[in-house]
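For reference, input.pdb (PDB, C-alpha atoms):
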```pdb
ATOM      1  CA  MET X 123     -17.491  51.170  -2.682
ATOM      2  CA  ASP X 124     -16.042  50.300  -6.076
ATOM      3  CA  ARG X 125     -15.493  53.067  -8.609
ATOM      4  CA  ALA X 126     -14.157  52.929 -12.145
ATOM      5  CA  ALA X 127     -12.137  56.140 -11.991
ATOM      6  CA  SER X 128     -10.873  58.962  -9.840
ATOM      7  CA  PRO X 129     -13.436  61.416  -8.459
ATOM      8  CA  GLN X 130     -14.399  64.477 -10.455
ATOM      9  CA  THR X 131     -14.135  66.769  -7.415
ATOM     10  CA  VAL X 132     -11.693  66.590  -4.503
ATOM     11  CA  LEU X 133     -12.466  68.576  -1.355
ATOM     12  CA  LEU X 134      -9.241  69.449   0.487
ATOM     13  CA  ASP X 135      -9.169  70.557   4.098
ATOM     14  CA  PHE X 136      -6.627  73.283   4.848
ATOM     15  CA  ASP X 137      -5.578  72.859   8.492
ATOM     16  CA  GLY X 138      -3.839  69.497   8.683
ATOM     17  CA  VAL X 139      -4.077  68.703   4.964
ATOM     18  CA  LEU X 140      -3.041  71.475   2.556
ATOM     19  CA  SER X 141      -0.964  72.786   5.432
ATOM     20  CA  LEU X 142       0.168  69.747   7.385
ATOM     21  CA  ASN X 143       1.541  71.799  10.273
ATOM     22  CA  ALA X 144      -1.343  74.261  10.568
ATOM     23  CA  SER X 145      -3.430  72.127  12.952
ATOM     24  CA  SER X 146      -0.535  71.615  15.355
ATOM     25  CA  LEU X 147       0.398  75.295  15.331
ATOM     26  CA  LEU X 148      -3.185  76.472  15.763
ATOM     27  CA  LEU X 149      -3.511  74.093  18.710
ATOM     28  CA  LEU X 150      -0.445  75.661  20.338
ATOM     29  CA  ALA X 151      -1.789  79.145  19.625
ATOM     30  CA  LEU X 152      -5.161  78.316  21.158
ATOM     31  CA  HIS X 153      -3.466  76.884  24.237
ATOM     32  CA  GLU X 154      -1.355  80.002  24.657
ATOM     33  CA  GLY X 155      -4.402  82.225  24.147
ATOM     34  CA  ILE X 156      -6.407  80.433  26.828
ATOM     35  CA  ASN X 157      -3.493  80.463  29.240
ATOM     36  CA  ARG X 158      -3.138  84.203  28.907
ATOM     37  CA  HIS X 159      -6.340  84.391  30.941
ATOM     38  CA  THR X 160      -6.649  81.120  32.888
ATOM     39  CA  GLU X 161      -4.582  77.982  33.344
ATOM     40  CA  LEU X 162      -5.599  74.966  31.272
ATOM     41  CA  PRO X 163      -3.384  71.898  30.710
ATOM     42  CA  ILE X 164      -2.356  71.272  27.121
ATOM     43  CA  GLU X 165      -3.997  67.822  27.276
ATOM     44  CA  ALA X 166      -7.371  69.457  27.956
ATOM     45  CA  THR X 167      -6.819  71.955  25.145
ATOM     46  CA  VAL X 168      -6.071  69.092  22.744
ATOM     47  CA  THR X 169      -9.382  67.411  23.572
ATOM     48  CA  GLN X 170     -11.345  70.605  22.933
ATOM     49  CA  PHE X 171      -9.390  71.494  19.800
ATOM     50  CA  LYS X 172     -10.278  68.232  18.061
ATOM     51  CA  ALA X 173     -13.960  69.127  18.217
ATOM     52  CA  ILE X 174     -13.479  72.832  17.524
ATOM     53  CA  SER X 175     -11.608  72.056  14.296
ATOM     54  CA  THR X 176     -14.693  70.272  12.925
ATOM     55  CA  PHE X 177     -17.695  71.925  14.576
ATOM     56  CA  PRO X 178     -18.660  75.554  13.825
ATOM     57  CA  GLN X 179     -15.617  77.240  15.268
ATOM     58  CA  ARG X 180     -16.882  80.520  16.680
ATOM     59  CA  GLU X 181     -19.760  78.825  18.494
ATOM     60  CA  SER X 182     -17.499  76.058  19.788
ATOM     61  CA  LEU X 183     -14.910  78.531  21.040
ATOM     62  CA  ARG X 184     -17.649  80.561  22.703
ATOM     63  CA  VAL X 185     -18.824  77.514  24.660
ATOM     64  CA  LEU X 186     -15.240  76.706  25.677
ATOM     65  CA  PHE X 187     -14.375  80.242  26.744
ATOM     66  CA  ALA X 188     -17.674  80.701  28.575
ATOM     67  CA  GLY X 189     -17.162  77.425  30.407
ATOM     68  CA  LEU X 190     -13.711  78.548  31.503
ATOM     69  CA  GLY X 191     -15.015  81.943  32.635
ATOM     70  CA  ILE X 192     -13.078  83.950  30.044
ATOM     71  CA  GLU X 193     -15.759  84.695  27.456
ATOM     72  CA  GLN X 194     -14.908  88.414  27.637
ATOM     73  CA  HIS X 195     -11.642  87.598  25.862
ATOM     74  CA  LEU X 196     -13.219  85.500  23.098
ATOM     75  CA  ASN X 197     -13.265  88.036  20.264
ATOM     76  CA  ALA X 198      -9.679  89.137  20.836
ATOM     77  CA  GLU X 199      -8.415  85.554  20.863
ATOM     78  CA  ILE X 200     -10.419  84.643  17.744
ATOM     79  CA  ASP X 201      -8.881  87.641  15.970
ATOM     80  CA  ALA X 202      -5.440  86.470  17.088
ATOM     81  CA  LEU X 203      -6.053  82.974  15.696
ATOM     82  CA  ARG X 204      -7.347  84.331  12.407
ATOM     83  CA  SER X 205      -4.296  86.567  11.958
ATOM     84  CA  LEU X 206      -1.730  83.824  12.562
ATOM     85  CA  THR X 207       0.904  83.051   9.979
ATOM     86  CA  SER X 208       3.435  81.587  12.433
ATOM     87  CA  VAL X 209       3.606  80.258  15.996
ATOM     88  CA  ARG X 210       6.758  80.307  18.137
ATOM     89  CA  ASP X 211       8.738  81.420  15.088
ATOM     90  CA  THR X 212       7.512  78.420  13.072
ATOM     91  CA  PRO X 213       5.595  79.519   9.963
ATOM     92  CA  LEU X 214       2.478  77.801   8.724
ATOM     93  CA  ALA X 215       3.464  76.129   5.477
ATOM     94  CA  LEU X 216       1.949  74.183   2.623
ATOM     95  CA  GLY X 217       2.512  70.448   2.737
ATOM     96  CA  GLU X 218       5.266  69.026   0.572
ATOM     97  CA  GLY X 219       4.026  68.223  -2.899
ATOM     98  CA  VAL X 220       0.814  70.272  -2.773
ATOM     99  CA  GLU X 221       1.620  72.281  -5.890
ATOM    100  CA  VAL X 222       2.598  69.195  -7.886
ATOM    101  CA  PHE X 223      -0.513  67.315  -6.784
ATOM    102  CA  CYS X 224      -2.803  70.186  -7.742
ATOM    103  CA  ALA X 225      -1.188  70.554 -11.163
ATOM    104  CA  GLN X 226      -1.416  66.825 -11.862
ATOM    105  CA  GLN X 227      -5.057  66.558 -10.850
ATOM    106  CA  ARG X 228      -6.120  69.616 -12.821
ATOM    107  CA  ALA X 229      -4.336  68.238 -15.875
ATOM    108  CA  LEU X 230      -6.520  65.138 -15.485
ATOM    109  CA  GLY X 231      -9.661  67.266 -15.332
ATOM    110  CA  VAL X 232     -10.238  66.831 -11.592
ATOM    111  CA  ARG X 233     -11.797  69.821  -9.881
ATOM    112  CA  LEU X 234     -10.137  70.844  -6.593
ATOM    113  CA  ARG X 235     -11.958  72.728  -3.857
ATOM    114  CA  VAL X 236     -10.786  74.041  -0.471
ATOM    115  CA  PHE X 237     -13.204  72.866   2.215
ATOM    116  CA  SER X 238     -12.349  75.033   5.198
ATOM    117  CA  THR X 239     -13.792  77.467   7.714
ATOM    118  CA  MET X 240     -11.354  80.118   6.462
ATOM    119  CA  ASP X 241     -12.781  83.199   4.800
ATOM    120  CA  ARG X 242     -11.152  85.978   2.776
ATOM    121  CA  THR X 243      -9.900  87.762   5.908
ATOM    122  CA  THR X 244      -8.106  84.724   7.403
ATOM    123  CA  ALA X 245      -4.373  85.400   7.172
ATOM    124  CA  ARG X 246      -3.250  81.822   6.549
ATOM    125  CA  ARG X 247      -5.401  81.667   3.444
ATOM    126  CA  SER X 248      -2.722  83.771   1.739
ATOM    127  CA  LEU X 249      -0.609  80.596   1.549
ATOM    128  CA  LEU X 250      -2.951  79.456  -1.212
ATOM    129  CA  ASP X 251      -2.679  82.634  -3.307
ATOM    130  CA  GLY X 252      -1.901  81.666  -6.875
ATOM    131  CA  LEU X 253      -2.865  78.050  -6.253
ATOM    132  CA  PHE X 254      -6.606  78.472  -5.686
ATOM    133  CA  GLY X 255      -8.964  81.219  -6.783
ATOM    134  CA  PRO X 256     -11.986  82.611  -4.883
ATOM    135  CA  GLU X 257     -14.279  80.254  -6.794
ATOM    136  CA  ASP X 258     -12.360  77.256  -5.440
ATOM    137  CA  TYR X 259     -13.346  77.836  -1.809
ATOM    138  CA  VAL X 260     -16.415  76.182  -0.304
ATOM    139  CA  ALA X 261     -18.146  78.655   1.981
ATOM    140  CA  LEU X 262     -18.897  76.827   5.216
ATOM    141  CA  ASP X 263     -20.138  79.888   7.100
ATOM    142  CA  HIS X 264     -21.717  78.433  10.275
ATOM    143  CA  ALA X 265     -22.136  74.893   8.944
ATOM    144  CA  SER X 266     -20.507  71.960  10.700
ATOM    145  CA  LYS X 267     -18.073  69.652   8.915
ATOM    146  CA  ALA X 268     -19.281  66.922  11.293
ATOM    147  CA  ASP X 269     -22.853  67.176   9.942
ATOM    148  CA  PRO X 270     -23.761  64.982   6.917
ATOM    149  CA  ASP X 271     -26.315  67.592   5.859
ATOM    150  CA  THR X 272     -23.443  70.010   5.175
ATOM    151  CA  TYR X 273     -22.207  67.717   2.402
ATOM    152  CA  ALA X 274     -25.695  66.957   1.123
ATOM    153  CA  ALA X 275     -26.376  70.687   0.824
ATOM    154  CA  LEU X 276     -23.100  71.211  -1.047
ATOM    155  CA  LEU X 277     -23.897  68.455  -3.516
ATOM    156  CA  ALA X 278     -27.402  69.826  -4.040
ATOM    157  CA  ALA X 279     -26.030  73.321  -4.665
ATOM    158  CA  GLU X 280     -23.619  71.865  -7.240
ATOM    159  CA  GLY X 281     -26.370  69.852  -8.934
ATOM    160  CA  GLU X 282     -24.462  66.634  -8.221
ATOM    161  CA  VAL X 283     -26.604  63.495  -8.299
ATOM    162  CA  ASP X 284     -23.751  61.049  -7.626
ATOM    163  CA  PRO X 285     -21.988  61.831  -4.328
ATOM    164  CA  GLY X 286     -19.437  59.122  -5.129
ATOM    165  CA  GLN X 287     -17.934  61.502  -7.678
ATOM    166  CA  TRP X 288     -16.722  63.619  -4.760
ATOM    167  CA  LEU X 289     -13.842  62.860  -2.416
ATOM    168  CA  LEU X 290     -13.076  64.515   0.936
ATOM    169  CA  VAL X 291      -9.475  64.588   2.165
ATOM    170  CA  ASP X 292      -9.369  65.582   5.828
ATOM    171  CA  ASP X 293      -7.417  64.858   9.004
ATOM    172  CA  SER X 294     -10.522  64.833  11.191
ATOM    173  CA  PRO X 295     -12.357  61.496  11.516
ATOM    174  CA  LEU X 296     -15.543  63.369  12.459
ATOM    175  CA  ALA X 297     -15.520  65.186   9.118
ATOM    176  CA  LEU X 298     -14.830  61.972   7.226
ATOM    177  CA  ARG X 299     -17.675  60.237   9.054
ATOM    178  CA  ALA X 300     -20.147  62.909   7.970
ATOM    179  CA  ALA X 301     -18.941  62.892   4.371
ATOM    180  CA  LYS X 302     -19.153  59.110   4.162
ATOM    181  CA  ILE X 303     -22.718  59.125   5.501
ATOM    182  CA  ALA X 304     -23.566  61.641   2.757
ATOM    183  CA  GLY X 305     -22.160  59.242   0.156
ATOM    184  CA  LEU X 306     -18.795  60.835  -0.597
ATOM    185  CA  ARG X 307     -15.548  58.925  -0.798
ATOM    186  CA  THR X 308     -13.109  59.687   2.012
ATOM    187  CA  VAL X 309      -9.360  59.770   2.583
ATOM    188  CA  LEU X 310      -7.719  60.429   5.921
ATOM    189  CA  MET X 311      -4.583  62.572   5.811
ATOM    190  CA  ARG X 312      -2.577  61.418   8.804
ATOM    191  CA  GLY X 313      -1.250  64.253  10.943
ATOM    192  CA  ALA X 314       0.054  65.143  14.370
ATOM    193  CA  VAL X 315      -3.205  66.164  16.102
ATOM    194  CA  PHE X 316      -5.536  63.177  15.664
ATOM    195  CA  SER X 317      -4.030  59.991  17.088
ATOM    196  CA  ASP X 318      -4.556  56.403  15.971
ATOM    197  CA  ASP X 319      -6.878  56.001  18.968
ATOM    198  CA  ASP X 320      -8.947  58.981  17.769
ATOM    199  CA  VAL X 321      -9.289  57.413  14.336
ATOM    200  CA  SER X 322      -9.813  53.767  15.308
ATOM    201  CA  ALA X 323     -13.545  54.053  16.008
ATOM    202  CA  PHE X 324     -14.167  55.635  12.580
ATOM    203  CA  GLY X 325     -12.598  52.961  10.382
ATOM    204  CA  SER X 326     -15.834  52.145   8.567
ATOM    205  CA  PHE X 327     -16.113  55.764   7.386
ATOM    206  CA  ILE X 328     -12.577  55.997   5.967
ATOM    207  CA  ASP X 329     -11.891  54.552   2.508
ATOM    208  CA  ALA X 330      -8.133  55.120   2.485
ATOM    209  CA  ARG X 331      -5.331  56.703   4.497
ATOM    210  CA  VAL X 332      -2.309  58.665   3.298
ATOM    211  CA  SER X 333       0.480  60.687   4.889
ATOM    212  CA  THR X 334       1.609  62.835   1.947
ATOM    213  CA  PHE X 335       0.313  64.350  -1.262
ATOM    214  CA  ALA X 336       2.574  62.021  -3.209
ATOM    215  CA  GLU X 337       0.701  59.099  -1.627
ATOM    216  CA  LEU X 338      -2.642  60.746  -2.375
ATOM    217  CA  GLY X 339      -1.724  61.267  -6.028
ATOM    218  CA  ALA X 340      -0.549  57.668  -6.309
ATOM    219  CA  LEU X 341      -3.770  56.446  -4.720
ATOM    220  CA  LEU X 342      -5.897  58.278  -7.262
ATOM    221  CA  ALA X 343      -3.674  57.135 -10.133
ATOM    222  CA  ALA X 344      -4.002  53.527  -8.982
ATOM    223  CA  GLN X 345      -7.763  53.951  -8.902
ATOM    224  CA  ASP X 346      -7.714  54.954 -12.566
ATOM    225  CA  ALA X 347      -5.371  52.117 -13.510
ATOM    226  CA  SER X 348      -7.357  49.432 -11.693
ATOM    227  CA  PRO X 349     -11.158  49.823 -11.989
ATOM    228  CA  ALA X 350     -11.629  46.949  -9.562
ATOM    229  CA  SER X 351      -9.643  48.673  -6.816
ATOM    230  CA  ARG X 352     -11.477  49.899  -3.779
ATOM    231  CA  LEU X 353     -11.397  53.513  -2.571
TER     232      LEU X 353
END
```
Translate the structure described by the file into structure tokens.
Amino acid sequence: MDRAASPQTVLLDFDGVLSLNASSLLLLALHEGINRHTELPIEATVTQFKAISTFPQRESLRVLFAGLGIEQHLNAEIDALRSLTSVRDTPLALGEGVEVFCAQQRALGVRLRVFSTMDRTTARRSLLDGLFGPEDYVALDHASKADPDTYAALLAAEGEVDPGQWLLVDDSPLALRAAKIAGLRTVLMRGAVFSDDDVSAFGSFIDARVSTFAELGALLAAQDASPASRL
């Protein structure tokens, strides 16, 4: 889809995008939480985590815990995940260049929004204090990032008639698929959780791929400089 300029609004995922290491650390934390109550190989946890990170999380975790016979521990483990700021002495951290990217885009008049299942009581959200205000967060509540209607509803609530003015940056191909179906532009932020094999089937839903915020900023700048470029 050809566009003459950068999008007016950029939706940024937190786990795996704004914080590049958050997805990997949350995966480890989930694995440890499950194994406190029953043994599950890390490979099986990885498979479940990839869906949980996109689907409504509490409901997805409930299905997983019930299926493993440990549903009685669900609320305690959810609270533990929500309170995490580090795992195995490794802190969750913002990706390199996040602050610079945000400043550059805002100077260009681009609106930045955090598109995450986090709410005000999620501990890792404090990493964004001073960088994003309460009005910058998109409230997902129980909506699914894998559902195109989630994006359509957001655009309708914003009064946006051109979904191509919005861009989703996410590490989950399921989320990018849904956004693309809804008409948004999409950029995959490569990370450690979703493999090339996970992404390969979703190529038609991904407009571009980056590994850093410097690459993302350059991509958007190139879009402005070359109206004929494709994003």
| task | Please identify all polymer residues within 10 Å of range 250-258 of chain X, counting all atoms listed in the file, omitting same-chain residues fewer than 4 positions from it, and present them as JSON, numbers by chain. | result | {"X": [133, 136, 140, 141, 215, 216, 220, 221, 224, 225, 233, 234, 235, 236, 237, 241, 242, 246]}
| When you draw a straight line from CA of Leu152 in chain X to CA of Val185 in chain X, how long is it in Å? |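 Result for CA of Leu152 in chain X versus CA of Val185 in chain X: 14.1 Å, one decimal.
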Expansion of the PyMOL selection byres ((chain X and resi 191-208) around 9) into residues, as a compact mmCIF listing (two decimals) with C-alpha atoms, keeping the file's coordinate frame:
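For reference, expr-v3.txt as written:
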```
# COMPACT_ATOMS: atom_id res chain seq x y z
CA ALA X 144 -1.34 74.26 10.57
CA LEU X 147 0.40 75.30 15.33
CA LEU X 148 -3.18 76.47 15.76
CA ALA X 151 -1.79 79.14 19.62
CA LEU X 152 -5.16 78.32 21.16
CA GLY X 155 -4.40 82.22 24.15
CA ILE X 156 -6.41 80.43 26.83
CA HIS X 159 -6.34 84.39 30.94
CA THR X 160 -6.65 81.12 32.89
CA ARG X 180 -16.88 80.52 16.68
CA LEU X 183 -14.91 78.53 21.04
CA ARG X 184 -17.65 80.56 22.70
CA VAL X 185 -18.82 77.51 24.66
CA LEU X 186 -15.24 76.71 25.68
CA PHE X 187 -14.38 80.24 26.74
CA ALA X 188 -17.67 80.70 28.58
CA GLY X 189 -17.16 77.42 30.41
CA LEU X 190 -13.71 78.55 31.50
CA VAL X 209 3.61 80.26 16.00
CA ARG X 210 6.76 80.31 18.14
CA ASP X 211 8.74 81.42 15.09
CA THR X 212 7.51 78.42 13.07
CA PRO X 213 5.60 79.52 9.96
CA LEU X 214 2.48 77.80 8.72
CA ALA X 215 3.46 76.13 5.48
CA MET X 240 -11.35 80.12 6.46
CA THR X 243 -9.90 87.76 5.91
CA THR X 244 -8.11 84.72 7.40
CA ALA X 245 -4.37 85.40 7.17
CA ARG X 246 -3.25 81.82 6.55
CA LEU X 249 -0.61 80.60 1.55
```
| task | Kindly indicate which residue among X:Ser294, X:Ser248, X:Gln226, X:Thr272 lies nearest to Val315 in chain X, using all atoms listed in the file for the distances. | result |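 Residue with the minimum atom-to-atom distance to Val315 in chain X: X:Ser294.
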| Between X:Ile303, X:Gly219, X:Gln345, X:Asn157, which has the minimum distance to Ser333 in chain X (counting all atoms listed in the file)? |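 Among the listed residues, the smallest separation from Ser333 in chain X belongs to X:Gly219.
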| message | Given all atoms listed in the file as the basis, pick out the residue of X:Ala300, X:Val309, X:Leu162, X:Ile328 nearest to Leu342 in chain X. | response | X:Val309
| request: Have a look at X:Ser182, X:Trp288, X:Pro129, X:Ala323 and name the one nearest to Leu341 in chain X; count all atoms listed in the file. | output: X:Pro129
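Residue nearest Arg247 in chain X within the list X:Asp319, X:Glu282, X:Asp137, X:Glu161: X:Asp137 [criterion: smallest interatomic distance, all atoms listed in the file].
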| field | Surrounding residues of Leu290 in chain X excluding itself and chain neighbours under 3 positions, 8 Å, all atoms listed in the file, as a PyMOL selection string | value | chain X and resi 132-135+298+301+306-309
| message | Which residues would end up in the selection if the PyMOL selection byres ((chain X and resi 337) around 12) were applied here, given that I need the answer as a list in words? | response | Glu218, Gly219, Val220, Phe223, Val309, Leu310, Met311, Arg312, Ala330, Arg331, Val332, Ser333, Thr334, Phe335, Ala336, Leu338, Gly339, Ala340, Leu341, Leu342, Ala343 and Ala344 of chain X
| message | Taking 3 positions as the minimum chain separation for residues in the same chain, which residues sit within 7 Å of Gly305 in chain X when counting only C-alpha atoms? Answer as a PyMOL selection string. | response | chain X and resi 285-286+301-302
Could you write out as AutoDock Vina command-line options the box around range 306-309 of chain X (axis-aligned, all atoms listed in the file, 6 Å on each side), with centre and edge lengths in Å to one decimal?
```
--center_x -14.1 --center_y 59.9 --center_z 0.9 --size_x 21.4 --size_y 13.9 --size_z 15.4
```
| request: Have a look at CA of Gln130 in chain X and CA of Gly281 in chain X and let me know their distance in Å, one decimal. | output: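 A separation of 13.2 Å between them.
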| said: Could you tell me how far CA of Phe316 in chain X sits from CA of Lys172 in chain X, in Å to one decimal place? | reply: 7.3 Å
| Target residues per the PyMOL selection byres ((chain X and resi 168) around 10), formatted as a list of chain:residue names | X:Ser146, X:Leu149, X:Leu150, X:Leu152, X:His153, X:Pro163, X:Ile164, X:Glu165, X:Ala166, X:Thr167, X:Thr169, X:Gln170, X:Phe171, X:Lys172, X:Ala173, X:Ile174, X:Val315, X:Phe316
| task | Can you work out which one of X:Gly217, X:Pro178, X:Pro270, X:Gly325 has the shortest atom-to-atom distance to Gly313 in chain X, counting only C-alpha atoms? | result |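 The closest residue to Gly313 in chain X is X:Gly217.
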Kindly add N, CA and C atoms to the incomplete range 280-293 of chain X and provide the output as a PDB file, in the coordinates of the input.
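rebuild.pdb, written as the output of this step:
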```pdb
ATOM      1  N   GLU X 280     -24.435  72.110  -6.051  1.00  0.00           N
ATOM      2  CA  GLU X 280     -23.619  71.865  -7.240  1.00  0.00           C
ATOM      3  C   GLU X 280     -24.379  71.085  -8.306  1.00  0.00           C
ATOM      4  N   GLY X 281     -25.605  70.638  -7.990  1.00  0.00           N
ATOM      5  CA  GLY X 281     -26.370  69.852  -8.934  1.00  0.00           C
ATOM      6  C   GLY X 281     -25.812  68.456  -9.137  1.00  0.00           C
ATOM      7  N   GLU X 282     -25.101  67.949  -8.127  1.00  0.00           N
ATOM      8  CA  GLU X 282     -24.462  66.634  -8.221  1.00  0.00           C
ATOM      9  C   GLU X 282     -25.435  65.558  -7.766  1.00  0.00           C
ATOM     10  N   VAL X 283     -25.688  64.589  -8.643  1.00  0.00           N
ATOM     11  CA  VAL X 283     -26.604  63.495  -8.299  1.00  0.00           C
ATOM     12  C   VAL X 283     -25.860  62.256  -7.823  1.00  0.00           C
ATOM     13  N   ASP X 284     -24.550  62.204  -8.041  1.00  0.00           N
ATOM     14  CA  ASP X 284     -23.751  61.049  -7.626  1.00  0.00           C
ATOM     15  C   ASP X 284     -22.694  61.498  -6.622  1.00  0.00           C
ATOM     16  N   PRO X 285     -22.964  61.380  -5.328  1.00  0.00           N
ATOM     17  CA  PRO X 285     -21.988  61.831  -4.328  1.00  0.00           C
ATOM     18  C   PRO X 285     -20.669  61.075  -4.393  1.00  0.00           C
ATOM     19  N   GLY X 286     -20.664  59.887  -4.997  1.00  0.00           N
ATOM     20  CA  GLY X 286     -19.437  59.122  -5.129  1.00  0.00           C
ATOM     21  C   GLY X 286     -18.435  59.744  -6.083  1.00  0.00           C
ATOM     22  N   GLN X 287     -18.861  60.772  -6.818  1.00  0.00           N
ATOM     23  CA  GLN X 287     -17.934  61.502  -7.678  1.00  0.00           C
ATOM     24  C   GLN X 287     -17.132  62.545  -6.898  1.00  0.00           C
ATOM     25  N   TRP X 288     -17.410  62.648  -5.615  1.00  0.00           N
ATOM     26  CA  TRP X 288     -16.722  63.619  -4.760  1.00  0.00           C
ATOM     27  C   TRP X 288     -15.901  62.872  -3.710  1.00  0.00           C
ATOM     28  N   LEU X 289     -14.754  63.445  -3.397  1.00  0.00           N
ATOM     29  CA  LEU X 289     -13.842  62.860  -2.416  1.00  0.00           C
ATOM     30  C   LEU X 289     -13.438  63.926  -1.411  1.00  0.00           C
ATOM     31  N   LEU X 290     -13.556  63.618  -0.117  1.00  0.00           N
ATOM     32  CA  LEU X 290     -13.076  64.515   0.936  1.00  0.00           C
ATOM     33  C   LEU X 290     -11.750  64.001   1.465  1.00  0.00           C
ATOM     34  N   VAL X 291     -10.760  64.883   1.530  1.00  0.00           N
ATOM     35  CA  VAL X 291      -9.475  64.588   2.165  1.00  0.00           C
ATOM     36  C   VAL X 291      -9.381  65.466   3.403  1.00  0.00           C
ATOM     37  N   ASP X 292      -9.346  64.832   4.572  1.00  0.00           N
ATOM     38  CA  ASP X 292      -9.369  65.582   5.828  1.00  0.00           C
ATOM     39  C   ASP X 292      -8.551  64.819   6.858  1.00  0.00           C
ATOM     40  N   ASP X 293      -8.130  65.535   7.909  1.00  0.00           N
ATOM     41  CA  ASP X 293      -7.417  64.858   9.004  1.00  0.00           C
ATOM     42  C   ASP X 293      -8.342  64.552  10.164  1.00  0.00           C
TER      43      ASP X 293
END
```
